[in-house]
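Trainee: Handing you a structure now.
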Protein chains: 2
Amino acid sequence: MSNSADAARKIAEPNAQQAVRRVLDTVKAEKRTSLTAPEGKVVCDAYGIPVPKEGLAKSAADASKIASSMGFPVVMKIVSPDILHKTEAGGVVVGVKTAAEAEKAYETILANAKKYKADAKIEGIQVQQMLAGGTEVIVGSITDGSFGKLVAFGLGGVLVEVLKDITFRLAPATKEDALSMLDGIQAHDMLKGVRGGDPVSREALADVIVKVSQLVSDFPEIIELDLNPVFATKKDAIAADVRIVVDFDYKPRPAPRPTEEIVAAMNRIMQPKAVAVIGASAEDGKIGNSVMKNLINGGYKGEIYPIHPKAADILGYKAYKSVKDVPGVIDTAVFAIPAKFVAGALAECGEKKIPGAVLIPSGFAEAGAPELQAEIVEVGKKYNIRLMGPNIYGFYYTWSNLCATFCTAYDVKGHAALSSQSGGIGMAIIGFSRSAKMGVSAIVGLGNKSDIDEDDLLAFFEQDPNTNLIAQHCEDLKDGRAFAEAAKRVSKKKPVVVLKAGRTSAGAKAASSHTGALAGNDKIYEDVFKQSGVIRARSLRQLLEFARGVPVLPTPKGENVLIITGAGGSGVLLSDSCVDNGLSLMSMPPDLDAAFRKFIPPFGAAGNPVDITGGEPPITYINTVKLGLSDERIHSLILGYWHTIVTPPMVFARNMVEVKKEMEAKGFVKPIVASLAGDVEVEEAAEYLYQNGIPAYAYSTELPVEVLGAKYKWARGAGLL
Amino acid sequence: MSNSADAARKIAEPNAQQAVRRVLDTVKAEKRTSLTAPEGKVVCDAYGIPVPKEGLAKSAADASKIASSMGFPVVMKIVSPDILHKTEAGGVVVGVKTAAEAEKAYETILANAKKYKADAKIEGIQVQQMLAGGTEVIVGSITDGSFGKLVAFGLGGVLVEVLKDITFRLAPATKEDALSMLDGIQAHDMLKGVRGGDPVSREALADVIVKVSQLVSDFPEIIELDLNPVFATKKDAIAADVRIVVDFDYKPRPAPRPTEEIVAAMNRIMQPKAVAVIGASAEDGKIGNSVMKNLINGGYKGEIYPIHPKAADILGYKAYKSVKDVPGVIDTAVFAIPAKFVAGALAECGEKKIPGAVLIPSGFAEAGAPELQAEIVEVGKKYNIRLMGPNIYGFYYTWSNLCATFCTAYDVKGHAALSSQSGGIGMAIIGFSRSAKMGVSAIVGLGNKSDIDEDDLLAFFEQDPNTNLIAQHCEDLKDGRAFAEAAKRVSKKKPVVVLKAGRTSAGAKAASSHTGALAGNDKIYEDVFKQSGVIRARSLRQLLEFARGVPVLPTPKGENVLIITGAGGSGVLLSDSCVDNGLSLMSMPPDLDAAFRKFIPPFGAAGNPVDITGGEPPITYINTVKLGLSDERIHSLILGYWHTIVTPPMVFARNMVEVKKEMEAKGFVKPIVASLAGDVEVEEAAEYLYQNGIPAYAYSTELPVEVLGAKYKWARGAGLL
């Protein structure tokens with residue numbers, strides 16, 4: 001938590017919290033679901049959220065003094081229990097601009113009131129700061145089923161409503177979060193002052209956001225809050241109207257398990273010393289047969305215990321009637337039996353104290369049998385067994401040679417850990433990985449996510465020495481807040497890439513027909529992912545390419561990207577891609593420009609891109625890339641290769657790999673990606689480059705830049721840039 | 001031109017045009033560059049562009065009558081050559097709301113004026129319609145170097161400025177164009193009436209846009225025009241302020257060549273009976289050698305004439321000192337000599353009446369020698385030789401077995417015609433085509449575009465029976481208007497796909513360093529492409545995939561798209577992609593839903609996507625796809641395949657191709673695309689599907705939908721949907 005959030009908390013403790021509690025107690029006692037305006041003001045005052053100043057004047061002199069102290073203009077209103085229709089009674093004067101006017105307005109209102117109702121009991125005249133000018137913005141809070149308390153920010157006005165230009169963060173938000181919200185709306189330039197207007201005070205606005213986010217976090221029963229509008233000026237941000245909705249039955253999600261507890265169980269499940277296969281089978285084509293074969297043929301070195309009601313032996317392994325009959329400890333039980341038998345077998349696993357069950361069977365919530373799923377969840381809770389699935393392909397953990405799945409085996413060891421909610425996507429991960437020769441540490445199916453979830457995997461992979469990137473496909477997040485908190489922590493160490501399916505309303509509809517999960521508002525996912533340092537993949541292919549490419553690249557030391565290209569045309573497209581992917585094309589210092597020009601033909605173009613032109617021999621690529629790697633002002637390189645007879649694809653590729661190694665030996669380690677334009681030989685060259693640490697793509701000027709862009713997104717989120 | 005544009009033209013002829021001409025003559029005579037407000041009003045009146053009504057009252061009764069006739073409120077102003085500061089003189093009354101008030105205001109103004117200056121000569125009191133309420137919008141026109149006259153539309157106000165929410169069309173715009181502009185801004189919902197407000201009159205607004213576009217087309221010297229704001233209400237759209245800037249030196253681009261003339265020349269150049277190679281060489285590694293070998297080995301059946309100062313014979317072909325020495329007719333001269341010799345040899349081609357020169361050499365404008373390029377352009381004009389290049393790889397026309405290039409040969413015949421401004425991108429086209437087994441009709445390098453341009457190619461390919469799709473990479477359009485006009489015509493018959501590089505300002509900067517071309521404002525390209533029916537590719541890979549996939553698909557007969565998937569997870573991602581690509585997921589009628597349910601397991605999901613679930617045998621895919629193809633309410637299918645042992649990839653692929661053929665034989669011809677999730681065998685299956693008319697992609701839920709989306713964009717633009 002930042003200092004600013006600390007400060008808000010300080011303000012809010014303990015008297016402030018008591019003040020809010022008193023208001024809420026009254027609302028609750030009166031069985032209301034919302035606060036009155038004065039109650040709203042009390043709450044805002046307690047948390048230091050600025051609202052218009054006001055005071056009760058008992059005399060004209062008093063009115064003048066109060067008004068002067070709060071600044072003009074003010075609005076003045078009769079306060080009388082006997083006068084309900086203030087305006088009708090002539091009891092309101094707006095736009096009072098001077099002390100003299102305030103005195104005069106006091107007398108006028110009083111006279112009008114007496115004329116209106118001679119015997120009215122008059123308590124005084126309220127003097128209130130009149131807000132106008134500045135930029136109208138909205139600060140609010142909503143309560144989301146998955147993410148819990150969220151704070152929202154947007155501009156006021158109907159056009160913004162039409163454009164849905166609003167941004168969210170998890171509450172409580174830090175000051176940094178709040179400031180990022182001001183930059184996170186499309187129309188952020190409005191806050192900077194346009195057409196000669198003043199910029200708003202970013203400090204003041206951020207302060208309101210932080211305080212609102214703290215308030216709703218302290219009082220979860222506040223399920224909706226709207227400050228609309230807030231008038232933001234160069235010196236302050238004042239909420240003109242406060243609307244607070246409460247639900248005293250609202251229960252926040254229970255806190256997730258402690259990370260150590262998650263990790264302890266997941267370590268045993270993912271790297272088991274012994275695996276039981278419940279429903280193991282000797283019969284080809286059965287799921288329990290495929291699982292056995294994958295375990296055996298995959299080279300798993302631990303114990304394998306087939307569980308079968310009758311067989312004595314399956315595929316050469318001694319079989320048991322129940323896990324309870326197995327003599328040794330079991331870490332992981334893989335289920336390959338029909339849904340209706342799962343609960344019973346799971347209870348036996350519980351008695352055997354097995355920490356985890358991999359539930360391959362379908363036929364639960366996804367197939368209209370939520371009661372079956374509820375039953376296994378209960379058993380899991382009772383015995384503290386973690387459940388993976390049901391309705392999954394299982395999982396792979398390559399560093400233990402473990403294929404706990406009925407799908408194709410996969411054994412290329414590497415450092416990317418992937419997971420998918422859907423089995424189909426899991427198969428796409430396998431296929432892509434094999435095709436691209438992508439090494440993985442693990443591939444995990446999450447299916448119905450009755451228990452083990454994306455955040456459990458994050459906790460495991462965070463401390464797994466074999467994993468250096470985590471890529472997840474999901475259709476929903478059952479506990480978005482737990483995910484976000486885990487992701488925020490983990491992404492500081494290892495890139496977390498997420499493909500959130502059901503982005504669009506059509507996609508979300510398909511998602512809900514598929515898993516019964518209600519897909520959340522996509523804009524919330526977008527913002528929370530960003531807040532949590534998650535790299536969002538826009539497509540399945542992008543998820544896979546990021547998983548493959550991001551770990552290959554070293555972390556850049558700065559934002560300056562340089563394009564060196566043999567094809568001017570590629571240079572233009574690569575530049576477009578840099579902008580699309582949030583990369584900064586370095587502006588070329590004159591001395592460096594001169595240095596590059598020494599290596600390239602006179603009709604080439606230095607600047608950025610460095611256009612070495614198409615007909616150049618390998619030495620021109622070598623010289624310019626060496627310069628690009630050695631100059632400390634350049635932090636990353638994008639290469640554009642153009643296939644020519646003078647520098648054939650593999651000559652280019654080998655030279656680049658050599659240059660990279662040579663410069664690395666001298667301490668110059670920078671991300672390099674490459675786009676290859678040419679005849680089919682460039683495919684082999686791209687493959688060679690990729691296998692040697694330079695993500696390279698044939699016939700594409702976008703993919704290499706997307707991969708570099710993802711690396712930068714991660715590095716920025718992790719605070720490394 | 002639509003009726004509406006016709007109507008505008010009718011209004012504007014001939015008296016209206018004369019009225020505008022008189023105003024412009026005065027402005028010109030007075031050496032001004034802009035019109036006064038009264039002049040602006042005359043121009044608007046002439047073209048029927050509504051401006052506030054006004055009249056001169058000579059009496060109070062008169063004022064009341066005039067005001068009543070135009071509707072309240074009105075503003076009234078003294079008209080006197082002796083009173084310059086009207087407000088100071090008390091000579092202005094705003095917000096006059098009734099006939100009685102108008103009479104009173106007349107007297108008041110008159111009295112004030114007399115008090116202000118007793119001897120002032122008073123001509124009367126101007127009564128002017130006062131505009132307020134409604135939605136403030138902007139209608140304007142700018143003059144672009146490439147596209148000429150453009151009409152612009154956006155909302156008024158600073159927020160819109162900040163968001164740059166404005167849309168353009170070529171002028172003159174039809175009523176349909178104008179209406180599409182109202183939908184073409186991001187905040188288009190504002191025009192529909194929000195928060196209970198009235199919608200604007202679309203007719204009235206479109207009418208203003210059409211008339212403005214006609215005005216600037218009739219008078220090209222009007223280089224800028226702003227109606228800002230226009231008050232748009234449910235009954236009218238009135239321009240409150242008119243600003244017109246003129247440049248009497250402005251020269252519109254000359255009209256492009258007549259299409260027949262372009263086609264006559266291009267047919268000879270692209271399908272020559274005889275080719276001369278200027279700078280032909282017997283020496284390996286020389287460009288003139290590569291060109292000769294490509295012509296000979298490519299199987300070109302026409303005459304080949306090597307031109308060489310000394311050689312008697314090159315690679316077995318009789319050589320000539322000059323094209324002038326060649327006995328027969330020559331259609332195409334391919335240049336492979338240094339830049340400085342090109343002009344001379346070109347003049348000889350002119351004398352020989354060769355219609356086209358393919359200028360491979362670089363060293364012209366792109367290399368800082370614009371004077372050399374200007375020289376060859378002059379020679380080209382003098383002799384009416386069309387110039388391709390300079391600074392290009394040449395071109396391929398596969399149906400004549402013609403490789404008039406020094407690059408790798410390419411001979412896979414097909415129906416996609418591709419062109420690129422950049423040589424590197426040309427090589428990427430070759431490589432991708434070979435790798436994807438994509439047949440092409442032609443690949444053309446345009447390089448510096450000293451003469452032959454994208455629109456010349458459009459005219460040629462439009463009538464080329466071997467071409468059914470045109471895909472172009474460009475960094476700029478020298479004559480955007482000629483391109484747009486050609487594209488608008490051609491895209492009605494054949495899809496036109498364009499990758500415009502230099503989309504972003506960084507890209508545009510790289511483009512200008514590369515070719516000396518100033519990249520245009522990308523939003524203008526975006527809008528004009530849309531107006532012209534051009535499918536815009538967002539990336540190089542997309543350009544290539546569209547070129548490959550779009551011609552494979554039949555034209556859909558309607559907007560209803562259905563997803564049939566074995567993997568629920570793919571279904572969600574495919575749904576997302578449909579939304580991203582502007583496709584409409586059909587909402588499933590109950591009878592069809594019931595029909596699909598008969599084929600799928602009870603826990604599968606009908607609706608759309610139809611989720612047949614993962615474990616199903618081939619017959620489930622077959623039944624559901626047959627139903628999808630035969631029901632007339634469904635217009636396109638997207639298949640999501642999930643690799644299982646029950647239905648292996650090639651089994652799925654063969655079955656789908658069979659079903660497609662069987663249903664086609666019965667007259668059910670619909671676009672089908674497929675996404676394949678599975679192990680590497682799905683790559684072979686995807687290839688098989690693609691070669692048999694079903695664009696299919698492994699490990700991607702985006703690419704197949706993008707290709708289908710492009711087909712739909714084309715069909716809509718061509719008026720086929």
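Starting from 1 in every chain, residues are counted up; chains themselves are A, B, ... following the order of the structure tokens, and ligands are numbered from 1 as listed.
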Need to verify the contact set: Asp241 (chain B), 7 Å, only C-alpha atoms, exclusion of same-chain residues closer than 2 positions in sequence. Can you return it as a list in words?

Mentor: Leu227, Asn228, Pro229, Ala239 and Arg243 of chain B

Trainee: Quick one: write out the picked residues with N, CA, C and O atoms as an mmCIF file, in the first residue's frame?

Mentor:
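selection.cif, written as the output of this step:
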```cif
data_model
loop_
_atom_site.group_PDB
_atom_site.id
_atom_site.type_symbol
_atom_site.label_atom_id
_atom_site.label_comp_id
_atom_site.auth_asym_id
_atom_site.auth_seq_id
_atom_site.Cartn_x
_atom_site.Cartn_y
_atom_site.Cartn_z
ATOM 1 N N LEU B 227 -18.447 24.556 -41.497
ATOM 2 C CA LEU B 227 -19.716 24.944 -40.891
ATOM 3 C C LEU B 227 -19.602 24.486 -39.446
ATOM 4 O O LEU B 227 -19.674 23.279 -39.164
ATOM 5 N N ASN B 228 -19.381 25.442 -38.547
ATOM 6 C CA ASN B 228 -19.050 25.076 -37.171
ATOM 7 C C ASN B 228 -19.503 26.142 -36.204
ATOM 8 O O ASN B 228 -18.936 27.212 -36.172
ATOM 9 N N PRO B 229 -20.503 25.844 -35.411
ATOM 10 C CA PRO B 229 -21.261 24.601 -35.378
ATOM 11 C C PRO B 229 -22.445 24.620 -36.341
ATOM 12 O O PRO B 229 -22.883 25.676 -36.780
ATOM 13 N N ALA B 239 -26.480 25.834 -40.159
ATOM 14 C CA ALA B 239 -25.101 26.230 -39.901
ATOM 15 C C ALA B 239 -25.083 27.599 -39.258
ATOM 16 O O ALA B 239 -25.506 28.584 -39.867
ATOM 17 N N ARG B 243 -17.257 29.406 -42.553
ATOM 18 C CA ARG B 243 -15.896 29.904 -42.783
ATOM 19 C C ARG B 243 -15.415 29.256 -44.079
ATOM 20 O O ARG B 243 -15.423 28.025 -44.224
#
```

Trainee: Kindly provide, as a ChimeraX atom specification, the residues of chain B having any atom no farther than 6 Å from an atom of chain A, counting only C-alpha atoms.

Mentor: /B:367,422,424,427-428,430-431,501-502,504,506-507,510-511,514,540-541,567-569,572-573,575-576,603,642,677-680,699-700

Trainee: Identify, on the basis of only C-alpha atoms, every residue whose closest approach to region 139-150 of chain A does not exceed 8 Å; exclude the query and any residue fewer than 5 positions from it along the same chain; express the result as a list in words.

Mentor: Phe168, Arg169, Leu170, Ala171, Pro172, Val208, Ile209, Val212, Ser213, Val216, Ser217, Pro220, Ile223, Glu224, Leu225, Asp226, Leu227, Asn228, Pro229, Val230, Pro252, Arg253, Leu477, Lys478, Asp479, Gly480, Arg481 and Gly520 of chain A

Trainee: Write out as a ChimeraX atom specification each polymer residue whose atoms come within 12 Å of Ala204 (chain B), counting only C-alpha atoms; drop sequence neighbours fewer than 6 positions from it.

Mentor: /B:4,48-50,175,178-179,182,210-211,230-239

Trainee: Kindly save the residues from that selection, with N, CA, C and O atoms included, as a tab-separated table (two decimals), in the first residue's frame.

Mentor:
```tsv
chain	number	residue	atom	x	y	z
B	4	SER	N	-29.91	12.36	-54.40
B	4	SER	CA	-29.69	13.49	-53.52
B	4	SER	C	-28.58	14.38	-54.08
B	4	SER	O	-28.70	15.60	-54.10
B	48	GLY	N	-28.34	25.96	-51.07
B	48	GLY	CA	-29.39	25.42	-50.21
B	48	GLY	C	-28.88	24.87	-48.90
B	48	GLY	O	-29.49	23.98	-48.30
B	49	ILE	N	-27.73	25.37	-48.44
B	49	ILE	CA	-27.22	24.96	-47.13
B	49	ILE	C	-27.86	25.88	-46.10
B	49	ILE	O	-27.66	27.10	-46.14
B	50	PRO	N	-28.66	25.32	-45.18
B	50	PRO	CA	-29.43	26.18	-44.27
B	50	PRO	C	-28.54	26.98	-43.33
B	50	PRO	O	-27.63	26.44	-42.70
B	175	LYS	N	-25.77	10.70	-51.04
B	175	LYS	CA	-26.56	10.69	-49.80
B	175	LYS	C	-26.19	9.47	-48.96
B	175	LYS	O	-26.12	9.56	-47.73
B	178	ALA	N	-23.11	10.19	-47.18
B	178	ALA	CA	-23.36	11.14	-46.09
B	178	ALA	C	-23.99	10.43	-44.90
B	178	ALA	O	-23.59	10.64	-43.75
B	179	LEU	N	-24.96	9.56	-45.17
B	179	LEU	CA	-25.60	8.83	-44.08
B	179	LEU	C	-24.59	7.93	-43.38
B	179	LEU	O	-24.60	7.79	-42.16
B	182	LEU	N	-22.68	9.68	-40.73
B	182	LEU	CA	-23.35	9.86	-39.44
B	182	LEU	C	-23.13	8.63	-38.56
B	182	LEU	O	-23.06	8.73	-37.34
B	210	VAL	N	-24.03	16.53	-48.25
B	210	VAL	CA	-24.03	16.36	-49.70
B	210	VAL	C	-23.83	17.71	-50.40
B	210	VAL	O	-23.04	17.83	-51.34
B	211	LYS	N	-24.52	18.72	-49.91
B	211	LYS	CA	-24.44	20.03	-50.57
B	211	LYS	C	-23.06	20.67	-50.41
B	211	LYS	O	-22.52	21.25	-51.35
B	230	VAL	N	-22.91	23.41	-36.64
B	230	VAL	CA	-24.22	23.23	-37.25
B	230	VAL	C	-25.13	22.74	-36.12
B	230	VAL	O	-24.77	21.80	-35.41
B	231	PHE	N	-26.26	23.41	-35.94
B	231	PHE	CA	-27.20	22.94	-34.92
B	231	PHE	C	-28.15	21.94	-35.56
B	231	PHE	O	-28.93	22.29	-36.45
B	232	ALA	N	-28.05	20.69	-35.12
B	232	ALA	CA	-28.88	19.64	-35.71
B	232	ALA	C	-30.01	19.30	-34.75
B	232	ALA	O	-29.77	18.97	-33.59
B	233	THR	N	-31.23	19.41	-35.21
B	233	THR	CA	-32.39	19.08	-34.39
B	233	THR	C	-33.19	17.99	-35.08
B	233	THR	O	-32.80	17.51	-36.14
B	234	LYS	N	-34.33	17.67	-34.49
B	234	LYS	CA	-35.13	16.61	-35.11
B	234	LYS	C	-35.76	17.08	-36.40
B	234	LYS	O	-36.22	16.27	-37.20
B	235	LYS	N	-35.80	18.41	-36.64
B	235	LYS	CA	-36.41	18.84	-37.89
B	235	LYS	C	-35.46	19.50	-38.88
B	235	LYS	O	-35.72	19.50	-40.07
B	236	ASP	N	-34.33	20.01	-38.42
B	236	ASP	CA	-33.43	20.64	-39.39
B	236	ASP	C	-31.98	20.63	-38.93
B	236	ASP	O	-31.67	20.12	-37.85
B	237	ALA	N	-31.12	21.16	-39.77
B	237	ALA	CA	-29.70	21.27	-39.46
B	237	ALA	C	-29.26	22.60	-40.04
B	237	ALA	O	-29.27	22.79	-41.26
B	238	ILE	N	-28.92	23.55	-39.16
B	238	ILE	CA	-28.64	24.91	-39.60
B	238	ILE	C	-27.23	25.31	-39.18
B	238	ILE	O	-26.84	25.15	-38.02
B	239	ALA	N	-26.48	25.83	-40.16
B	239	ALA	CA	-25.10	26.23	-39.90
B	239	ALA	C	-25.08	27.60	-39.26
B	239	ALA	O	-25.51	28.58	-39.87
```

Trainee: Using DSSP assignments from the backbone, pull out every residue in region 413-637 of chain A that falls under strand (DSSP E or B) and give it to me as a VMD selection string.

Mentor: chain A and resid 413 to 420 440 to 445 469 to 474 496 to 500 535 to 537 560 to 565 584 to 585 605 610 to 611 636 to 637

Trainee: For CA of Ser201 (chain A) and CA of Thr135 (chain A), determine how far apart the two atoms are, in Å to one decimal place.

Mentor: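 Interatomic distance, CA of Ser201 (chain A) to CA of Thr135 (chain A): 10.4 Å.
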
Trainee: Identify, on the basis of only C-alpha atoms, every residue whose closest approach to Ala404 (chain A) does not exceed 10 Å; exclude the query and any residue fewer than 6 positions from it along the same chain; express the result as a PyMOL selection string.

Mentor: chain A and resi 270+275+277+290-295+298+300+332-335+358+360+393-397+444

Trainee: CA of Thr620 (chain B) to CA of Ser587 (chain B): how many Å, to one decimal?

Mentor: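 Those two atoms sit 21.3 Å apart.
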
Trainee: CA of Met388 (chain B) and CA of Ile337 (chain B), how far apart in Å?

Mentor: 14.7 Å

Trainee: If DSSP is run on the backbone, what residues of region 282-384 of chain B are alpha helix (DSSP H)? A reply as a ChimeraX atom specification would be ideal.

Mentor: /B:287-297,339-351,370-383

Trainee: What lies within 6 Å of Ala417 (chain A) using only C-alpha atoms, ignoring chain neighbours under 5 positions off, as a list of chain:residue names?

Mentor: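 Contacts, in chain order: A:Val440, A:Ser441, A:Ala442, A:Ile443, A:Ile470.
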